[in-house]
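Written below as structure tokens is the structure these notes are about.
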Amino acid sequence: MKVKGMKKFEKIINEFTQTFGVTAYWNPAFEALPAQKIIGFTVVVDEDMNEVFLNDAEVRFPEVHASLFLWLLMHEIGHCMTDHLWTPDDETYFKRAKRHLDKTFGGDVIRKNNWYHKIGDEYMATKWAGEYMIAHPKKMAKFNKKLNEAMRVFCKKNGIAP
Ligand SMILES: [Zn+2]
């Protein structure tokens, strides 16, 4: 798919992520390279996986009212902001635990992801995101307004339902 207006959209996202020292790129999926303070984002999302993600986040932070996109963006920033908590051994453990889930649950995305979000780095990334959004309502409301407008323009340009 040829994406239109992506640079502009990316710029608006970066104006926000740069306040955390994080650079965001358009990417096939949401992901983080915490050590490099780089995140990837997209508007095309995996339904099953995100349902579980959003459910986990909303159960833990019912007072946060954020779109799936904003939650995912904050979660990836959260990986960058909590990276200092982990030793190389912790990181090896998280990788192993995730591989183990892949093997155990295979295509059962829902069951797999219920466990996935309990793994330390995932748990803490969402915790950071939720606590940050609660502690900074003004900054979040301002960005959310900009984000919604940018998303509307971007989706219209690309013929995607927002
Ligand atoms: Zn994550």
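Every chain in the structure tokens takes a letter, A first, then B, and so on in the order presented; its residues are numbered from 1, and the ligands are numbered from 1 following the presented order.
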
> If we count only C-alpha atoms, what is near Met6 in chain A at a cut-off of 9 Å, once residues fewer than 4 positions away on the same chain are taken out, given as a PyMOL selection string?
Replying inline: chain A and resi 10-11+26+154

Please produce a file of the residues just selected, as a PDB file, in the first residue's frame, where the atoms kept are C-alpha atoms.
ATOM      1  CA  GLU A  10       5.053  11.159  11.388  1.00  0.00           C
ATOM      2  CA  LYS A  11       6.076  14.750  12.167  1.00  0.00           C
ATOM      3  CA  TRP A  26       6.118   4.704  10.363  1.00  0.00           C
ATOM      4  CA  PHE A 154      -4.322  10.867   7.227  1.00  0.00           C
TER       5      PHE A 154
END

Please check which protein, DNA or RNA residues sit within 7 Å of ligand 1, counting only C-alpha atoms and all ligand atoms, and write them as an mmCIF file with N, CA and C atoms, in the first residue's frame.
data_model
loop_
_atom_site.group_PDB
_atom_site.id
_atom_site.type_symbol
_atom_site.label_atom_id
_atom_site.label_comp_id
_atom_site.auth_asym_id
_atom_site.auth_seq_id
_atom_site.Cartn_x
_atom_site.Cartn_y
_atom_site.Cartn_z
ATOM 1 N N GLU A 31 6.135 -1.228 17.550
ATOM 2 C CA GLU A 31 7.221 -1.921 18.246
ATOM 3 C C GLU A 31 8.182 -0.894 18.832
ATOM 4 N N HIS A 75 2.455 2.914 25.171
ATOM 5 C CA HIS A 75 3.074 1.655 25.618
ATOM 6 C C HIS A 75 4.485 1.529 25.022
ATOM 7 N N GLU A 76 4.627 1.855 23.740
ATOM 8 C CA GLU A 76 5.955 1.748 23.103
ATOM 9 C C GLU A 76 6.920 2.795 23.688
ATOM 10 N N HIS A 79 8.166 1.422 26.868
ATOM 11 C CA HIS A 79 9.308 0.488 26.770
ATOM 12 C C HIS A 79 10.630 1.269 26.838
ATOM 13 N N GLU A 122 6.676 -5.883 29.389
ATOM 14 C CA GLU A 122 5.360 -5.489 28.849
ATOM 15 C C GLU A 122 4.502 -4.866 29.941
ATOM 16 N N ALA A 125 5.834 -1.371 30.767
ATOM 17 C CA ALA A 125 5.617 -0.393 29.692
ATOM 18 C C ALA A 125 4.190 0.149 29.768
#

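As for CA of Phe53 in chain A and CA of Tyr116 in chain A, they are spaced 9.2 Å apart.
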
> Could you pull out all residues of chain A with a DSSP call of alpha helix (DSSP H) and give them as a PyMOL selection string?
Replying inline: chain A and resi 6-17+47-60+68-82+88-105+109-116+120-135+137-158

> If you count only C-alpha atoms, which residues fall within 12 Å of Arg60 in chain A, apart from same-chain ones fewer than 5 positions away, as a list in words?
Replying inline: Phe53, Leu54, Asn55, His117, Lys118, Tyr123, Met124, Thr126, Lys127, Trp128, Ala129, Gly130 and Glu131 of chain A

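When the distance limit is 10 Å and only C-alpha atoms are what count, the residues near Lys4 in chain A, minus those fewer than 2 positions from it on the same chain, are Met1, Lys2, Met6, Lys7, Lys8, Phe9, Phe154, Cys155, Lys156, Lys157, Asn158 and Gly159 of chain A.
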
Could the residues in this selection be written to a file with C-alpha atoms, as a compact mmCIF listing (two decimals), in the first residue's frame?
# COMPACT_ATOMS: atom_id res chain seq x y z
CA MET A 1 0.00 0.00 0.00
CA LYS A 2 1.32 3.40 -0.96
CA MET A 6 2.80 9.83 6.08
CA LYS A 7 5.65 12.33 6.58
CA LYS A 8 3.28 14.92 7.96
CA PHE A 9 1.64 12.39 10.26
CA PHE A 154 -4.32 10.87 7.23
CA CYS A 155 -7.12 8.30 7.04
CA LYS A 156 -9.11 10.43 4.60
CA LYS A 157 -6.08 10.78 2.30
CA ASN A 158 -5.57 7.02 2.31
CA GLY A 159 -9.20 5.96 2.17

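A straight line drawn from CA of Gln18 in chain A to CA of Val44 in chain A is 22.7 Å long.
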